Every structure is written in C-alpha cells, then in structure tokens.
2 protein chains.
Amino acid sequence: MSTIQPKTLKGFRDFLPKEARKRNYVLDTLKKVFESYGFEPLETPVLEYEDILAGKYGDEGDKLMYRFTDNGGRKVAMRYDQTVPLARVVAQYANDLPLPFKRYQIQNVYRAENTQKGRFREFLQVDIDTVGSPSLLADAEIIAVAVKSFEKLGFKNFNVKINDRSVFSNLFSDKEGKVIARAIDKIEKVGEEKVLDELSTVMGMKAANNVLQKINSQKKTESFFKVASYISKFGINEDYLEFDPKLARGLDYYTGLIFEIASEDYPAGSLGGGGRYDDLIGIFSGNKIPAVGFSFGFDRVIEAMAELDLFPENLGGTKVLVTNTSPRSAQVAIELRAKDLNVELFVDEKPLDRQLRYADKRKIPFVLIVKGDKLELKDMTTGEQKKGEIDEIAEMVK
Amino acid sequence: MSTIQPKTLKGFRDFLPKEARKRNYVLDTLKKVFESYGFEPLETPVLEYEDILAGKYGDEGDKLMYRFTDNGGRKVAMRYDQTVPLARVVAQYANDLPLPFKRYQIQNVYRAENTQKGRFREFLQVDIDTVGSPSLLADAEIIAVAVKSFEKLGFKNFNVKINDRSVFSNLFSDKEGKVIARAIDKIEKVGEEKVLDELSTVMGMKAANNVLQKINSQKKTESFFKVASYISKFGINEDYLEFDPKLARGLDYYTGLIFEIASEDYPAGSLGGGGRYDDLIGIFSGNKIPAVGFSFGFDRVIEAMAELDLFPENLGGTKVLVTNTSPRSAQVAIELRAKDLNVELFVDEKPLDRQLRYADKRKIPFVLIVKGDKLELKDMTTGEQKKGEIDEIAEMVK
C-alpha cells in the first residue's frame, strides 16, 4: 500500500460529477448555438514546439508558460491560449481551410498563475473566431453569437460594451497607445484615480489628465454605428450595445472593434470579451489575415449561473435508482430506461436501507423499490411512497 | 513576420472540423448511453504530482511518461491513463463519493510512444468504471453498457471475448502467471508459434508446450456462466459473449473477469476492452476497493466507423450557406435558423461566384442565394436551383 498523499497540484482542479455536469450543460448549450451559426469545431494538441508559442504573449506569457524538454530533447510548451494555435493551423492547412474560417475551440489552457489570487493554472477556454474577413459584418456576427449564447444560458440583465482600439491609435502614438490601453483597462477594477497615478508616472500628471479627458470625451465611432445597425439584422436587440470609450481590453493584439459582456446581476467581473485582431493570425503564414473573435470566461459563467440560479434542476443526472432486491430488478431498469430516463441499477449486494442511503447521498431524486412482483416508487425529497406499474412509475418520475 | 515553420509535434494531431465533428458525434452518442445507465462524468487535471503516477504503470510506463519540473520546482507528470487518477480521486474525496461510484471519463492521455509504429502521443481515452462493488452484476453491467454503446454506434458483427484472469493464477504461480498472460496476450497478433518461442526462452520448450496445452483445454469458468446469465437480464443477447481462454489482456493489474470487444468487419484490432481489477483503486486510500471497467479504443472506433460507413451523412455540420448578396441576407439566415437548421451567413463581401466556391470547398450541401426579394436554393451536389419562400426552402433542405 502506498503512503503517497492523494492531492492535486495548486491551481489544478478535479471536477466531480456534480460540477462536471454543470460544465457539460453549459458547453452543450454553447456548442449548439455556435453550430447553428455555422461555426465548426477545431482541436489542437496540448503540447506545441516551444518556438510556436514563445514570444507571442509578451513578457508575462513567457514567464507563466509551462515548458520543458521532452524525452526526445525537443523544447515543448503547453497550450497557453487557443489563438496562436489557430494561427498555426491556418498557416499549416491553408489548402484545406477555405476562408472565412469560422471555428469554435473548447480546450484547457495552462498558465503558472499566482494561485493566491484565486487564479487557476488549468482552465477551459471557450472561443469563437472568424478568420479571413475584414468585414464589420463578421464582428457583428461574433457579437450576435455571444449575445445569443448568454440568452440561451438564461442570462437577462447583461450588456455588450463596445469600443474601437483605433481610438487609442488615432489619439496617441502607437507605443503610447498600447501603454494607455493597458492602463485604461484597469479603470473598472481600480478606479480612475489609480489609473491617473499610473499614467502620470509614465508621462507626467498634465499629460495623464489630458489622456483621460480625451478618452472621456470620445464620441461613438463609425464602426460602432455600423455594427449596431448590423446587429439588429442578426435578430439581436440593439439595446444590448453600449459604447464605452473607457473599454480597453488588456491584450496588445487588438486592432479594431473591442467588446466585453457583463451582467448587472453579477458584478464580479466580465463574462467574456473579444475583438478584432488583424495582425496576429498571419504570423506563421507570412501574409496579413484579418480576424475577429470572442472568448467566454467559462469559470465566471459557471459561477454566475450558480449564483443566479440559472441551472435547470435536472442536469441529465440519474433520475431513478432501481434497487437490487429482486431477480426482476435488472429487467425493470431496462424498461424504465426505454422510457428515456437515466436509470441506475444498484449493482452491489447490500440490504435495502443501505441502498436507500446510497441514493440519498448521491441525491438521486427517486428510488424504485422492487419487491418480488411489486414496484414501489419512493420520492427521496418528500419521502412519499407509491405503488404502480412501469408506465405509471415513468409518468410519476417525469 | 515570423519564419517559424508551422508544424505539430510528432505523435500529436490537429483535428480539423471534418474530423472533430466525427469525434464529437461518437462522444455524444457514448455519453448518452453512459448516462442512461447512471454513469456520471469526472474530470481530472492533465498534470499530477509525479509521485502519484510514477511506478504505477511498470517499467514501460515510467519510460514513456511525460514528466518535468514546473516553475515552482515541483516534479510533475502528465496524465498517462485515467485509472490511477480515479484511484486518487476515490481516496481524496472519500466522503463525497458514496460507493459504488460509477463514473465515465473522457480525456486525453500522454505517452511518448514510438511514432514509427503509427502510435500517437496524445490520444483520447474513453473509460467507464464501477468502483466499490465486488459483485459480478457490476461486471455484467459494464459489459452491457459497452455492447449497448457499440449497437448505438451502428456496429453489427461484433462480439465480446471473455476470460478470467484467475485462470492464469490458478494454473500457474503468481509471477509465472503474469509472464504467461503477457505472452498469451500476443497470440492474436503474432500467432501461437511465436508465443511458444517466447515462452520457451523463459521456461524451456516442454514447459511452454505444457502451458499452451493447459490454456487451450481450459473450460468455461463459473464467472463466465454467471455473467452470461446476468447479461441477458440487461437486455443484451447472450450470443454476443464468447469464452476465450487465450484472451489475456496486456495489463498486469486485472484480477478477475477480463473482456475485449472486436468486430469481424474490422480485423485491424479490438475496439475496446476491460476487466475487473480489485487491487488498484485502493492504492491511495490504503484499503482494498474492488473495481471493474471498460476502455473504448477511441481512435480505432473512429477508424472502424469510417471504414464501415457508420457515420450519418449529416454530422451536425452546416446545412445551408446564405449568400451575402442582399441587405435581407442576415434576416433570411435568422429565419432559417429558427427552423432548427445550422445556417452560415457568408460574412465577407465577395462576388457571388466566390461565395459559391467557398460553399463547395467547405462541402456545405445547400446555398441559399438571396436576390433582392427572391430566394433561390442551390443543391450543391446536383447543381439544381429552385425558387421558394423560407418555409419551402426549409422543407427542401430537410
């Protein structure tokens, strides 16, 4: 017998059935929306040549990336996001992927984050991207799919903040623009004063004040009006959209429209965001390939849905436990299963009270007690017991 | 622009939409079967403390395992299978997981295999296991779920070979038994003569002959008869089962019934296998926990289904491309989508012939050409074009 303590690494998680079911429910819902808009699934490996990923995510990324040398002496790195692998795929299979390429990708990514801030080192990214079209119609569609997704998940009071990165590059020099975008990105979290402090250390208080004033007085851009008009074509109420000149998005690589979805009901943070990035996807193919995408904050979505009680009561879990108390039990389980119910037959040989306790612990809502020829359904919530035939039992459960 | 060549590591694969859709179809089908029998989803991290995995898979495993030291100086290893992580979970969350614990797990595992033999270094494992019951009813249920799964996927001519590992330990000493099981395991692949050669180098020709004779004359075990009688209770035809004294299964850890599913129509190899292993799950909890499971050979299943033409024609891919040729296009796409069809709106601004070529390359079966107020549906297979209103169009597509 081993004396090794069973434990998970910091920042890594097991998902036991209760949590795993919630995650599956959200993913199934999202995939259905994505596919209804013609987005197609893509999967890439967890390991890439280090060369492919290194230097693509700034100093932060190079610091937080998991990398090692494999048994064959190759320098490899673990998936850090899904956008650089997408860029590789677009270059590598150029002949098999007609543009625009609309894909969704749902895989774990790995970052050696500071776990003391509650961050995870393995977490699921859920991305949709349209590669190969410069049209604002593509931006509008990405926003529409995101909005439709949150509607399908049951969110009500949410909105889409929209800004245009070119505002920063038009108002400021390129280098300055990036520094400013990164600082402004924190306004929501730390407040305007702190951001002013940060900017003033770089450019002096006067210039910093000037920057904030310019940004606050920024008017709606033409791209905003255009996307807003398209969005209603996609059957999405324009009221969801809100121009926000202070929206900056942290990542350097955005080049055009940027957007973020948040809910009033869940003030802990945004539920996802994205934007146009026309200079990144072409890095491996050597030509410019425009792209626009949205990334769902999957862990936040799960947390928000739990808080707002948006999960349906039955998440496809087991509905009925059939007791192993008669030679007929297995047959009864089959018959119930044929009525499209998830049915567990108790497979161990234990007294009835142990089997009931098991159902209680597993939170299975109904137990069907098989006593010779008789069937008795026990509602585990109310404790009520009723006799009946299979058809009646199935009806009671439903 | 980068001059890094876009390529994947040896033994690692990208799954472009066409392949990814097939994989998703199989997984959705399997999950539904698993859940209908009360199996619940479980996910574990890709990285574990090296201690947890090291030494659990024999010399081979220690050699092929991906391991490295992380940024925090911890020795870590990548998921090598899903059974040892299951053992960890069962020990770590003993209070939250009432036994029997019936779980399915579908995650990638990592092995630095020899890629020249066509082996992959990242591949999906699809496992079902019942933990905590010594009853043969649990074995029978696992076999029933496996059979039901292959039926649902459309396989017809397949069968379940069954043997009992205790045959080997009853006929031979424990150490000898394992050597013999490993050798016998290759009979199907290399033939009886080669296995005889291998055994004779260990124990001499006479003893080797003796071993093979003993095995060939082995009669059906009591456990086989019992499982066969249970299996019909699970609504599975007994004819699927076949006692095979030469079935050995490679892994050391089996302790009781072992089984393997193969199809006459696909002679390339077995489509999955499993068995009872009563000494493994308890390694972290320090007590003996009986278990039985089945592992689907996912890549083989996909390959066999493609060869046998078992995939449905439409795998949930895009059904209709709506051309971006009118201000009405987006609205038309919405209306079609409302009829429960997967519809892509062409989001780029390109001439009609380019849009048609795109649909052709993407193998989208229908294109809906929007010309002002008129709708014209083009069947991309026959080239036929028909006018109609949305309702008629939706009917034609279906």
# chains A, B, ... in the order shown; residues from 1 in each chain; ligands from 1

call {"tool": "residues_around", "arguments": {"residues": "A:Phe259", "least_positions_apart": "2", "cutoff": "7 Å", "atoms": "only C-alpha atoms", "output": "list in words"}}
result
Val160, Lys161, Ile162, Asn163, Leu257, Ile261, Gly273, Gly274 and Gly275 of chain A

call {"tool": "closest_atom_pairs", "arguments": {"of": "chain B", "to": "chain A", "cutoff": "7 Å", "atoms": "only C-alpha atoms", "output": "Markdown table"}}
result
| residue | atom | partner | partner_atom | distance |
| --- | --- | --- | --- | --- |
| B:Met1 | CA | A:Ile283 | CA | 5.5 |
| B:Ser2 | CA | A:Ile283 | CA | 5.6 |
| B:Thr3 | CA | A:Phe284 | CA | 6.9 |
| B:Ile4 | CA | A:Phe284 | CA | 6.6 |
| B:Gln5 | CA | A:Phe284 | CA | 7.0 |
| B:Pro6 | CA | A:Arg88 | CA | 5.3 |
| B:Lys7 | CA | A:Gln92 | CA | 6.6 |
| B:Thr8 | CA | A:Glu48 | CA | 6.4 |
| B:Leu9 | CA | A:Glu48 | CA | 6.3 |
| B:Phe12 | CA | A:Pro45 | CA | 6.0 |
| B:Arg13 | CA | A:Pro45 | CA | 6.0 |
| B:Asp14 | CA | A:Thr44 | CA | 4.5 |
| B:Phe15 | CA | A:Glu43 | CA | 4.9 |
| B:Leu16 | CA | A:Leu42 | CA | 5.2 |
| B:Pro17 | CA | A:Pro41 | CA | 5.1 |
| B:Ala20 | CA | A:Pro41 | CA | 5.9 |
| B:Arg21 | CA | A:Pro41 | CA | 6.7 |
| B:Glu35 | CA | A:Asn342 | CA | 6.0 |
| B:Ser36 | CA | A:Asn342 | CA | 4.0 |
| B:Tyr37 | CA | A:Glu344 | CA | 5.2 |
| B:Gly38 | CA | A:Glu344 | CA | 4.4 |
| B:Glu40 | CA | A:Pro17 | CA | 5.5 |
| B:Pro41 | CA | A:Pro17 | CA | 5.1 |
| B:Leu42 | CA | A:Leu16 | CA | 5.2 |
| B:Glu43 | CA | A:Phe15 | CA | 5.0 |
| B:Thr44 | CA | A:Asp14 | CA | 4.5 |
| B:Pro45 | CA | A:Phe12 | CA | 6.0 |
| B:Glu48 | CA | A:Leu9 | CA | 6.3 |
| B:Tyr49 | CA | A:Leu9 | CA | 6.5 |
| B:Ile52 | CA | A:Ile4 | CA | 6.9 |
| B:Phe68 | CA | A:Phe68 | CA | 6.3 |
| B:Arg88 | CA | A:Pro6 | CA | 5.3 |
| B:Ala91 | CA | A:Pro6 | CA | 6.6 |
| B:Gln92 | CA | A:Pro6 | CA | 5.6 |
| B:Pro98 | CA | A:Tyr358 | CA | 6.3 |
| B:Ser133 | CA | A:Asp348 | CA | 5.2 |
| B:Ser135 | CA | A:Asp348 | CA | 5.7 |
| B:Leu137 | CA | A:Val347 | CA | 5.6 |
| B:Ala138 | CA | A:Val347 | CA | 5.3 |
| B:Lys233 | CA | A:Ala330 | CA | 5.6 |
| B:Phe234 | CA | A:Ala330 | CA | 5.8 |
| B:Gly235 | CA | A:Ile334 | CA | 6.9 |
| B:Ile283 | CA | A:Met1 | CA | 5.5 |
| B:Phe284 | CA | A:Ser2 | CA | 5.9 |
| B:Gly286 | CA | A:Met1 | CA | 5.7 |
| B:Thr318 | CA | A:Gly38 | CA | 5.2 |
| B:Ala330 | CA | A:Lys233 | CA | 5.6 |
| B:Gln331 | CA | A:Lys233 | CA | 5.6 |
| B:Ile334 | CA | A:Phe234 | CA | 6.5 |
| B:Arg337 | CA | A:Ser36 | CA | 6.5 |
| B:Leu341 | CA | A:Ser36 | CA | 6.5 |
| B:Asn342 | CA | A:Ser36 | CA | 3.9 |
| B:Val343 | CA | A:Tyr37 | CA | 5.4 |
| B:Glu344 | CA | A:Gly38 | CA | 4.4 |
| B:Val347 | CA | A:Ala138 | CA | 5.3 |
| B:Asp348 | CA | A:Ser133 | CA | 5.2 |
| B:Glu349 | CA | A:Ser135 | CA | 6.9 |
| B:Tyr358 | CA | A:Pro98 | CA | 6.3 |
| B:Lys361 | CA | A:Pro98 | CA | 6.6 |
| B:Arg362 | CA | A:Pro98 | CA | 6.8 |

call {"tool": "select_by_dssp", "arguments": {"residues": "stretch 322-374 of chain B", "states": "helix (DSSP H, G or I)", "output": "PyMOL selection string"}}
result
chain B and resi 329-337+352-362

call {"tool": "closest_residue", "arguments": {"among": "A:Ser295, A:Gln355, A:Thr201, A:Ser229", "to": "A:Val322", "atoms": "only C-alpha atoms"}}
result
A:Gln355

call {"tool": "residues_around", "arguments": {"residues": "B:Leu310", "least_positions_apart": "6", "cutoff": "9 Å", "atoms": "only C-alpha atoms", "output": "PyMOL selection string"}}
result
chain B and resi 153-155+304

call {"tool": "atom_distance", "arguments": {"atom1": "atom CA of A:Ser149", "atom2": "atom CA of A:Phe296"}}
result
9.7 Å

call {"tool": "select_by_dssp", "arguments": {"residues": "stretch 53-245 of chain B", "states": "strand (DSSP E or B)", "output": "PyMOL selection string"}}
result
chain B and resi 67-69+75-78+101-110+122-131+158-164+241-243
